[in-house]
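run.txt (compact mmCIF, C-alpha atoms)
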# COMPACT_ATOMS: atom_id res chain seq x y z
CA MET D 25 21.85 98.37 49.04
CA LEU D 26 24.98 97.67 47.00
CA ILE D 27 24.91 99.17 43.51
CA GLY D 28 26.58 97.84 40.36
CA ILE D 29 26.87 98.89 36.73
CA GLN D 30 27.02 96.86 33.52
CA GLY D 31 30.30 97.93 31.95
CA SER D 32 30.29 95.91 28.73
CA GLY D 33 26.71 96.48 27.65
CA GLN D 34 25.63 95.73 24.12
CA LEU D 35 24.95 98.28 21.44
CA PRO D 36 22.73 97.50 18.43
CA GLY D 37 24.98 96.11 15.72
CA ARG D 38 28.32 97.45 16.94
CA LEU D 39 30.88 97.46 19.73
CA PRO D 40 31.64 100.51 21.87
CA ASP D 41 34.92 102.29 21.34
CA ALA D 42 37.69 100.17 22.86
CA GLY D 43 38.62 102.89 25.34
CA ARG D 44 35.14 102.87 26.85
CA TYR D 45 35.80 99.67 28.83
CA ARG D 46 38.64 101.31 30.71
CA ALA D 47 36.72 104.58 31.07
CA VAL D 48 33.62 103.02 32.61
CA ALA D 49 35.68 100.99 35.09
CA GLU D 50 37.63 104.05 36.18
CA LEU D 51 34.41 106.04 36.51
CA ALA D 52 32.70 103.27 38.49
CA GLU D 53 35.62 103.17 40.91
CA GLU D 54 35.72 106.95 41.21
CA LEU D 55 31.99 107.35 41.81
CA GLY D 56 31.85 104.60 44.40
CA TYR D 57 29.94 101.85 42.61
CA ASP D 58 30.16 98.56 44.47
CA SER D 59 30.43 96.34 41.39
CA ILE D 60 30.96 96.40 37.62
CA TRP D 61 29.66 93.62 35.36
CA ALA D 62 30.27 92.01 31.98
CA GLY D 63 28.06 89.63 30.00
CA GLU D 64 28.75 86.86 27.53
CA HIS D 65 27.72 85.55 24.12
CA LEU D 66 29.75 83.66 21.54
CA SER D 67 27.73 84.38 18.41
CA PHE D 68 24.89 86.84 18.91
CA HIS D 69 23.03 89.41 16.84
CA ASN D 70 25.02 92.14 18.63
CA PRO D 71 28.80 91.95 19.02
CA ILE D 72 30.01 91.70 22.62
CA LEU D 73 33.52 91.67 24.06
CA ASP D 74 34.75 88.40 25.57
CA LEU D 75 33.70 88.34 29.22
CA GLY D 76 37.14 87.43 30.55
CA VAL D 77 38.82 90.19 28.55
CA ALA D 78 36.27 92.74 29.78
CA LEU D 79 36.66 91.75 33.43
CA ALA D 80 40.46 91.66 33.16
CA THR D 81 40.35 95.19 31.73
CA PHE D 82 38.16 96.32 34.63
CA ALA D 83 40.47 94.63 37.14
CA ALA D 84 43.57 96.29 35.70
CA VAL D 85 42.30 99.84 36.28
CA THR D 86 40.49 99.37 39.60
CA GLU D 87 41.43 98.36 43.13
CA ARG D 88 38.17 98.19 45.07
CA VAL D 89 35.08 97.57 42.94
CA LEU D 90 33.74 93.99 42.72
CA LEU D 91 33.93 92.31 39.30
CA GLY D 92 30.73 90.59 38.20
CA ALA D 93 30.47 87.92 35.51
CA GLY D 94 26.87 88.29 34.49
CA VAL D 95 26.72 85.63 33.20
CA VAL D 96 29.11 82.92 32.00
CA LEU D 97 27.18 80.56 29.72
CA LEU D 98 28.32 77.45 31.55
CA PRO D 99 26.89 74.80 29.17
CA LEU D 100 29.12 76.10 26.37
CA ARG D 101 32.42 75.38 28.12
CA HIS D 102 34.19 72.60 29.95
CA PRO D 103 34.15 73.35 33.70
CA SER D 104 37.95 73.21 33.81
CA LEU D 105 38.20 76.15 31.39
CA VAL D 106 35.71 78.17 33.43
CA ALA D 107 37.55 77.33 36.64
CA LYS D 108 40.90 78.38 35.16
CA GLN D 109 39.57 81.75 34.00
CA ALA D 110 37.64 82.41 37.21
CA ALA D 111 40.48 81.50 39.55
CA SER D 112 42.91 83.61 37.53
CA LEU D 113 40.56 86.63 37.57
CA ASP D 114 39.99 86.24 41.29
CA TYR D 115 43.75 85.96 41.82
CA VAL D 116 44.78 89.07 39.89
CA SER D 117 41.91 91.12 41.35
CA GLY D 118 42.58 90.18 44.94
CA GLY D 119 39.41 88.17 45.45
CA ARG D 120 36.87 90.53 43.85
CA LEU D 121 35.07 88.20 41.42
CA LEU D 122 31.36 87.40 41.55
CA LEU D 123 30.85 84.48 39.18
CA GLY D 124 27.41 84.48 37.59
CA LEU D 125 26.47 81.29 35.74
CA GLY D 126 23.62 80.86 33.27
CA VAL D 127 22.23 78.33 30.83
CA GLY D 128 21.72 80.70 27.89
CA GLY D 129 19.29 79.86 25.14
CA GLU D 130 18.14 83.27 23.93
CA GLY D 131 20.94 83.13 21.36
CA PRO D 132 20.88 79.81 19.45
CA GLY D 133 24.04 80.90 17.65
CA ASP D 134 25.98 80.53 20.90
CA PHE D 135 25.25 76.81 20.97
CA GLU D 136 25.88 76.37 17.26
CA ALA D 137 29.27 78.05 17.65
CA ALA D 138 30.23 75.81 20.58
CA GLY D 139 28.83 72.62 19.08
CA VAL D 140 26.59 72.04 22.11
CA PRO D 141 22.96 70.84 21.72
CA ILE D 142 20.73 73.57 23.12
CA ARG D 143 18.35 70.98 24.57
CA GLU D 144 21.12 69.84 26.96
CA ARG D 145 21.77 73.26 28.47
CA GLY D 146 19.96 72.68 31.76
CA ALA D 147 21.54 69.31 32.47
CA ARG D 148 24.97 70.62 31.49
CA ALA D 149 24.59 73.59 33.82
CA ASP D 150 23.54 71.45 36.79
CA GLU D 151 26.46 69.10 36.34
CA GLY D 152 28.85 71.92 35.47
CA ILE D 153 28.22 73.82 38.70
CA VAL D 154 29.13 70.76 40.76
CA ALA D 155 32.25 70.12 38.68
CA LEU D 156 33.25 73.79 38.78
CA ARG D 157 32.96 73.99 42.56
CA THR D 158 35.06 70.84 42.86
CA LEU D 159 37.78 72.36 40.68
CA LEU D 160 37.79 75.64 42.62
CA THR D 161 37.97 74.07 46.07
CA GLU D 162 39.86 70.79 45.78
CA ARG D 163 43.45 70.06 44.79
CA PRO D 164 43.75 67.69 43.12
CA ALA D 165 40.18 67.53 41.90
CA ALA D 166 38.31 64.58 40.46
CA PHE D 167 34.86 64.38 38.91
CA HIS D 168 32.97 61.89 36.78
CA GLY D 169 29.76 63.03 35.09
CA ARG D 170 27.73 62.67 31.94
CA PHE D 171 29.31 65.62 30.12
CA SER D 172 32.75 65.92 31.71
CA ALA D 173 35.13 63.74 33.65
CA PHE D 174 38.58 64.37 35.06
CA ALA D 175 40.96 63.09 37.72
CA ASP D 176 44.06 64.46 39.45
CA VAL D 177 43.48 68.00 38.14
CA SER D 178 44.87 71.04 39.95
CA ILE D 179 43.86 74.53 38.80
CA GLU D 180 46.61 77.11 39.34
CA PRO D 181 46.71 79.89 40.30
CA ARG D 182 44.10 79.30 42.95
CA SER D 183 41.53 81.81 44.04
CA PRO D 184 42.70 83.71 47.14
CA ARG D 185 39.43 82.57 48.77
CA PRO D 186 39.32 78.95 50.00
CA ALA D 187 35.78 78.49 48.68
CA GLY D 188 36.56 80.36 45.46
CA PRO D 189 34.36 83.16 44.09
CA PRO D 190 30.65 82.94 44.90
CA LEU D 191 28.65 81.15 42.20
CA LEU D 192 25.49 83.13 41.40
CA VAL D 193 22.90 81.35 39.27
CA GLY D 194 21.26 83.48 36.59
CA GLY D 195 17.77 83.11 35.16
CA ARG D 196 14.12 83.60 36.06
CA SER D 197 12.66 80.15 35.38
CA GLU D 198 11.62 77.65 38.03
CA ALA D 199 14.62 75.54 37.03
CA ALA D 200 16.99 78.48 37.58
CA VAL D 201 15.48 79.22 41.00
CA ARG D 202 15.81 75.57 42.00
CA ARG D 203 19.39 75.49 40.69
CA ALA D 204 20.29 78.61 42.67
CA GLY D 205 19.02 77.17 45.92
CA ARG D 206 20.35 73.65 45.57
CA LEU D 207 23.68 74.32 43.86
CA GLY D 208 24.59 78.00 43.84
CA ASP D 209 25.72 80.63 46.31
CA GLY D 210 22.90 82.96 45.29
CA TRP D 211 20.52 84.08 42.56
CA LEU D 212 21.12 86.55 39.71
CA PRO D 213 17.83 87.38 37.95
CA TYR D 214 17.10 90.20 35.53
CA MET D 215 13.90 91.88 34.39
CA VAL D 216 11.79 90.90 37.38
CA SER D 217 9.35 93.06 39.33
CA PRO D 218 9.89 93.73 43.03
CA ARG D 219 7.19 91.20 43.92
CA ARG D 220 8.63 88.52 41.65
CA PHE D 221 12.07 89.11 43.13
CA ALA D 222 10.74 88.64 46.65
CA ASP D 223 8.85 85.48 45.63
CA GLY D 224 11.94 84.15 43.84
CA VAL D 225 14.21 84.68 46.83
CA ALA D 226 11.71 82.90 49.06
CA ALA D 227 11.70 79.95 46.65
CA VAL D 228 15.51 79.91 46.44
CA ARG D 229 15.66 79.77 50.23
CA GLU D 230 13.19 76.88 50.31
CA HIS D 231 15.23 74.89 47.81
CA ALA D 232 18.41 75.60 49.77
CA ALA D 233 16.86 74.43 53.03
CA ALA D 234 15.51 71.29 51.35
CA ALA D 235 19.03 70.51 50.15
CA GLY D 236 20.42 70.91 53.68
CA ARG D 237 22.09 74.24 52.93
CA ASP D 238 21.99 77.48 54.92
CA PRO D 239 19.61 79.93 53.17
CA ASP D 240 21.12 82.83 55.13
CA GLY D 241 24.50 82.17 53.50
CA LEU D 242 23.22 82.99 50.02
CA ARG D 243 23.58 86.35 48.27
CA HIS D 244 21.29 87.65 45.55
CA VAL D 245 21.91 90.30 42.89
CA LEU D 246 19.23 91.86 40.70
CA VAL D 247 20.07 93.19 37.22
CA ALA D 248 17.77 95.99 36.03
CA PHE D 249 17.69 97.92 32.78
CA ALA D 250 17.84 101.59 33.71
CA HIS D 251 17.59 105.09 32.27
CA VAL D 252 17.14 108.35 34.17
CA ASP D 253 16.13 111.72 32.69
CA GLU D 254 14.58 114.88 34.09
CA ASP D 255 11.70 114.14 31.73
CA GLY D 256 10.34 110.77 32.83
CA GLU D 257 8.31 110.24 29.66
CA ARG D 258 11.40 110.85 27.53
CA ALA D 259 13.36 108.37 29.66
CA ARG D 260 10.73 105.67 29.15
CA GLU D 261 10.53 106.18 25.42
CA ARG D 262 14.30 106.24 24.96
CA ALA D 263 14.73 103.10 27.03
CA ARG D 264 11.93 101.32 25.16
CA ALA D 265 13.35 102.24 21.75
CA HIS D 266 16.92 101.33 22.71
CA LEU D 267 16.04 97.93 24.19
CA SER D 268 13.79 97.08 21.23
CA GLU D 269 16.65 97.78 18.84
CA ARG D 270 19.26 96.09 21.00
CA TYR D 271 17.37 92.82 21.29
CA GLY D 272 15.50 92.88 17.99
CA MET D 273 12.13 92.51 19.69
CA ALA D 274 9.34 94.81 20.79
CA PHE D 275 9.72 96.11 24.34
CA GLU D 276 6.34 97.44 25.38
CA ARG D 277 5.68 100.31 27.73
CA HIS D 278 4.46 97.98 30.47
CA HIS D 279 7.79 96.11 30.36
CA ILE D 280 9.62 99.36 31.00
CA GLU D 281 7.31 100.45 33.80
CA ARG D 282 7.14 97.11 35.64
CA LEU D 283 10.58 95.61 35.17
CA CYS D 284 13.07 98.47 34.85
CA VAL D 285 14.43 101.45 36.78
CA VAL D 286 13.40 104.12 34.29
CA GLY D 287 11.97 107.62 34.58
CA SER D 288 12.67 110.89 36.32
CA PRO D 289 15.12 110.93 39.26
CA ASP D 290 12.23 110.82 41.73
CA GLU D 291 10.57 107.95 39.84
CA CYS D 292 13.82 105.98 39.78
CA VAL D 293 14.35 106.58 43.51
CA ALA D 294 10.83 105.32 44.16
CA ARG D 295 11.43 102.16 42.12
CA LEU D 296 14.73 101.47 43.91
CA ARG D 297 12.92 101.79 47.23
CA GLU D 298 10.37 99.24 46.02
CA TYR D 299 13.18 96.83 45.25
CA ALA D 300 14.82 97.50 48.60
CA GLU D 301 11.52 96.74 50.36
CA ALA D 302 11.32 93.51 48.34
CA GLY D 303 14.67 92.45 49.78
CA VAL D 304 17.13 93.53 47.09
CA ARG D 305 20.51 94.11 48.73
CA HIS D 306 22.60 94.33 45.55
CA LEU D 307 21.28 95.80 42.31
CA SER D 308 23.21 96.24 39.07
CA PHE D 309 22.11 98.82 36.51
CA ASN D 310 22.23 97.88 32.83
CA PRO D 311 21.95 101.30 31.14
CA ALA D 312 19.36 101.35 28.35
CA VAL D 313 21.13 104.04 26.35
CA ASP D 314 23.18 104.47 23.19
CA GLU D 315 26.92 105.00 23.37
CA ALA D 316 26.81 108.80 23.26
CA GLY D 317 24.97 108.98 26.58
CA PHE D 318 26.42 105.92 28.29
CA LEU D 319 28.92 107.48 30.71
CA ASP D 320 26.47 110.25 31.56
CA GLN D 321 23.90 107.61 32.51
CA VAL D 322 26.50 105.82 34.64
CA ALA D 323 27.01 109.04 36.62
CA ARG D 324 23.33 109.98 36.85
CA LEU D 325 22.22 106.53 37.92
CA HIS D 326 24.78 106.59 40.69
CA GLU D 327 23.28 109.87 41.91
CA VAL D 328 19.86 108.22 42.05
CA ALA D 329 21.22 105.22 43.93
CA SER D 330 23.11 107.46 46.36
CA ALA D 331 19.87 109.25 47.26
CA VAL D 332 18.32 105.92 48.18
CA GLN D 333 21.36 104.78 50.13
CA GLU D 334 21.53 108.04 52.10
CA ALA D 335 17.83 107.80 52.95
CA THR D 336 18.25 104.29 54.35
CA VAL D 337 21.35 104.93 56.46
Can the structure in the file be given as structure tokens, please?
Amino acid sequence: MLIGIQGSGQLPGRLPDAGRYRAVAELAEELGYDSIWAGEHLSFHNPILDLGVALATFAAVTERVLLGAGVVLLPLRHPSLVAKQAASLDYVSGGRLLLGLGVGGEGPGDFEAAGVPIRERGARADEGIVALRTLLTERPAAFHGRFSAFADVSIEPRSPRPAGPPLLVGGRSEAAVRRAGRLGDGWLPYMVSPRRFADGVAAVREHAAAAGRDPDGLRHVLVAFAHVDEDGERARERARAHLSERYGMAFERHHIERLCVVGSPDECVARLREYAEAGVRHLSFNPAVDEAGFLDQVARLHEVASAVQEATV
């Protein structure tokens, strides 16, 4: 199982210290994480660093670790702008970008800021993925759709990979699963149980096969909120309180126990094994912790993951 870490995670009402973005990338590279991720919002109840700036910072201080965009809110931007940023990031990082794409919607302010009707987000995402792939793989590129149209467009610099970075479709809905199978290069869900992950992958594969695509060519990454502590009860309570404050909604105990990697080291190892048995081959931790304990959680979660990886070798 490949293991990633969310490096630009949100804090309730404030940004981390600017030096933390460099520090977490350096630590992820040093510890041996396989990937480091950044998320995106334009106008949200918590401040969050621009995704491209975060990933460029990670790229500048690392040489090996994969760089995950988790996720770009595709309906908010013209596909040409997304293609330019993605190709440039893939170029300067030597082909390390994983490009997660989502429809958004949990933050209405994002759509207000971009001037995009929220009701169009699904249709814009479907069309945008096709246009984006065209821009990343063809030169010159041409596309004519409902929301964007262009002709004789060449995006430079190009990705060092002929097919460009893999396009991973975020979301848990039936529409997201269908989109991942028919249009994407894989699925990027978060907050799903092992069973729901396995069922979702099976559905993605069915949609891919129905569209005449090779299901075995897809890759899937699970994002899981995580917190490890010698005292499992303390870990669950801290994660619950942090996530409730971060998202301004009540996270219940059953959410933490069913959908997260939270608890004592042994409990976290057991949960990771459940995900591995469900078919997870790449899991990214999103630490459910305040800033003071963030880097410590990054290190401790890697220890937990290493125990699972060693046991499966």
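For the atom pair formed by atom CA of D:Val48 and atom CA of D:Gly303, the distance is 27.7 Å, given to one decimal.
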Could you list, as an mmCIF file with C-alpha atoms, in the frame of the given file, every residue within 12 Å of D:Ala226, counting all atoms listed in the file and ignoring same-chain residues fewer than 3 positions away?
data_model
loop_
_atom_site.group_PDB
_atom_site.id
_atom_site.type_symbol
_atom_site.label_atom_id
_atom_site.label_comp_id
_atom_site.auth_asym_id
_atom_site.auth_seq_id
_atom_site.Cartn_x
_atom_site.Cartn_y
_atom_site.Cartn_z
ATOM 1 C CA VAL D 201 15.480 79.220 41.000
ATOM 2 C CA ARG D 202 15.810 75.570 42.000
ATOM 3 C CA ALA D 204 20.290 78.610 42.670
ATOM 4 C CA GLY D 205 19.020 77.170 45.920
ATOM 5 C CA GLY D 210 22.900 82.960 45.290
ATOM 6 C CA TRP D 211 20.520 84.080 42.560
ATOM 7 C CA ARG D 219 7.190 91.200 43.920
ATOM 8 C CA ARG D 220 8.630 88.520 41.650
ATOM 9 C CA PHE D 221 12.070 89.110 43.130
ATOM 10 C CA ALA D 222 10.740 88.640 46.650
ATOM 11 C CA ASP D 223 8.850 85.480 45.630
ATOM 12 C CA ARG D 229 15.660 79.770 50.230
ATOM 13 C CA GLU D 230 13.190 76.880 50.310
ATOM 14 C CA HIS D 231 15.230 74.890 47.810
ATOM 15 C CA ALA D 232 18.410 75.600 49.770
ATOM 16 C CA ALA D 233 16.860 74.430 53.030
ATOM 17 C CA PRO D 239 19.610 79.930 53.170
ATOM 18 C CA ASP D 240 21.120 82.830 55.130
ATOM 19 C CA LEU D 242 23.220 82.990 50.020
ATOM 20 C CA HIS D 244 21.290 87.650 45.550
ATOM 21 C CA ALA D 302 11.320 93.510 48.340
ATOM 22 C CA GLY D 303 14.670 92.450 49.780
#
Can you pull out every residue within 12 Å of D:Glu257, counting only C-alpha atoms, but drop anything in the same chain fewer than 4 positions away, and send it as a VMD selection string?
chain D and resid 251 to 253 261 to 264 277 280 to 281 286 to 289 291
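Counting all atoms listed in the file and comparing D:Gly139, D:Pro213, D:Gly31, D:Gly131, the residue that lies closest to D:Ala49 is D:Gly31.
Across D:Glu162, D:Glu269, D:Asp114, D:Asp176, the tightest approach to D:Asp314 is made by D:Glu269 when counting all atoms listed in the file.
The smallest atom-to-atom distance between D:Ala138 and any of D:His278, D:His65, D:Arg120, D:Arg243, using all atoms listed in the file, is found for D:His65.
Residue nearest D:Ala110 within the list D:Ala47, D:Pro181, D:Gly146, D:Leu97: D:Pro181 [criterion: smallest interatomic distance, all atoms listed in the file].
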If we draw a sphere of 8 Å around (37.2, 80.9, 39.4), which residues have at least one atom in it when counting all atoms listed in the file? Please report them as an MDAnalysis selection string.
chainID D and resid 106:114 121 123 160 182:183 188:189
Would you pick out the contacts of D:Thr86 at 10 Å or less, using only C-alpha atoms, so that residues sharing its chain but fewer than 5 positions from it are not included, and give the list as a PyMOL selection string?
chain D and resi 46+49-54+81+91+117
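Pairwise distance (atom CA of D:Tyr45, atom CA of D:His102) equals 27.1 Å.
Atom CA of D:Gly28 is found 19.4 Å from atom CA of D:Pro40.
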To box stretch 29-45 of chain D, take all atoms listed in the file, fit an axis-aligned box, add 3 Å on each side, and give centre and edge lengths in Å to one decimal, as JSON.
{"center_x": 30.7, "center_y": 99.3, "center_z": 26.2, "size_x": 21.9, "size_y": 13.2, "size_z": 27.0}
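Closest approach to D:His279 among D:Asp320, D:Asp58, D:His326, D:Met215: D:Met215, based on all atoms listed in the file.
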D:Val177 environment, 9 Å, all atoms listed in the file, sequence neighbours closer than 6 positions dropped, as a compact mmCIF listing (two decimals) with C-alpha atoms, in the coordinates of the input:
# COMPACT_ATOMS: atom_id res chain seq x y z
CA SER D 104 37.95 73.21 33.81
CA LEU D 159 37.78 72.36 40.68
CA GLU D 162 39.86 70.79 45.78
CA ARG D 163 43.45 70.06 44.79
CA PRO D 164 43.75 67.69 43.12
CA ALA D 165 40.18 67.53 41.90
CA ALA D 166 38.31 64.58 40.46
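Distances to D:Phe68 were evaluated for D:Gly43, D:Gly118, D:Gly128, D:Gly208 using all atoms listed in the file, and the minimum falls at D:Gly128.
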Complete stretch 309-322 of chain D at the level of N, CA, C and O atoms, written as an mmCIF file, keeping the file's coordinate frame.
data_model
loop_
_atom_site.group_PDB
_atom_site.id
_atom_site.type_symbol
_atom_site.label_atom_id
_atom_site.label_comp_id
_atom_site.auth_asym_id
_atom_site.auth_seq_id
_atom_site.Cartn_x
_atom_site.Cartn_y
_atom_site.Cartn_z
ATOM 1 N N PHE D 309 22.747 98.121 37.623
ATOM 2 C CA PHE D 309 22.110 98.820 36.510
ATOM 3 C C PHE D 309 22.697 98.352 35.184
ATOM 4 O O PHE D 309 23.918 98.259 35.032
ATOM 5 N N ASN D 310 21.821 98.097 34.218
ATOM 6 C CA ASN D 310 22.230 97.880 32.830
ATOM 7 C C ASN D 310 21.675 99.057 32.044
ATOM 8 O O ASN D 310 20.491 99.076 31.708
ATOM 9 N N PRO D 311 22.487 100.084 31.754
ATOM 10 C CA PRO D 311 21.950 101.300 31.140
ATOM 11 C C PRO D 311 21.324 101.036 29.769
ATOM 12 O O PRO D 311 21.946 100.457 28.882
ATOM 13 N N ALA D 312 20.081 101.472 29.622
ATOM 14 C CA ALA D 312 19.360 101.350 28.350
ATOM 15 C C ALA D 312 19.560 102.656 27.598
ATOM 16 O O ALA D 312 18.694 103.528 27.569
ATOM 17 N N VAL D 313 20.739 102.775 26.978
ATOM 18 C CA VAL D 313 21.130 104.040 26.350
ATOM 19 C C VAL D 313 22.151 103.765 25.267
ATOM 20 O O VAL D 313 22.929 102.804 25.358
ATOM 21 N N ASP D 314 22.176 104.593 24.237
ATOM 22 C CA ASP D 314 23.180 104.470 23.190
ATOM 23 C C ASP D 314 24.537 104.963 23.711
ATOM 24 O O ASP D 314 24.634 105.599 24.764
ATOM 25 N N GLU D 315 25.559 104.728 22.922
ATOM 26 C CA GLU D 315 26.920 105.000 23.370
ATOM 27 C C GLU D 315 27.150 106.462 23.747
ATOM 28 O O GLU D 315 27.844 106.756 24.730
ATOM 29 N N ALA D 316 26.552 107.382 23.009
ATOM 30 C CA ALA D 316 26.810 108.800 23.260
ATOM 31 C C ALA D 316 26.421 109.224 24.667
ATOM 32 O O ALA D 316 27.033 110.120 25.244
ATOM 33 N N GLY D 317 25.406 108.586 25.247
ATOM 34 C CA GLY D 317 24.970 108.980 26.580
ATOM 35 C C GLY D 317 25.330 107.994 27.672
ATOM 36 O O GLY D 317 24.864 108.140 28.807
ATOM 37 N N PHE D 318 26.177 107.011 27.351
ATOM 38 C CA PHE D 318 26.420 105.920 28.290
ATOM 39 C C PHE D 318 27.076 106.401 29.589
ATOM 40 O O PHE D 318 26.571 106.154 30.691
ATOM 41 N N LEU D 319 28.207 107.074 29.495
ATOM 42 C CA LEU D 319 28.920 107.480 30.710
ATOM 43 C C LEU D 319 28.116 108.485 31.515
ATOM 44 O O LEU D 319 28.178 108.492 32.756
ATOM 45 N N ASP D 320 27.339 109.320 30.835
ATOM 46 C CA ASP D 320 26.470 110.250 31.560
ATOM 47 C C ASP D 320 25.433 109.482 32.365
ATOM 48 O O ASP D 320 25.142 109.847 33.514
ATOM 49 N N GLN D 321 24.859 108.419 31.775
ATOM 50 C CA GLN D 321 23.900 107.610 32.510
ATOM 51 C C GLN D 321 24.556 106.910 33.704
ATOM 52 O O GLN D 321 23.957 106.789 34.776
ATOM 53 N N VAL D 322 25.783 106.451 33.529
ATOM 54 C CA VAL D 322 26.500 105.820 34.640
ATOM 55 C C VAL D 322 26.575 106.780 35.827
ATOM 56 O O VAL D 322 26.315 106.403 36.980
#
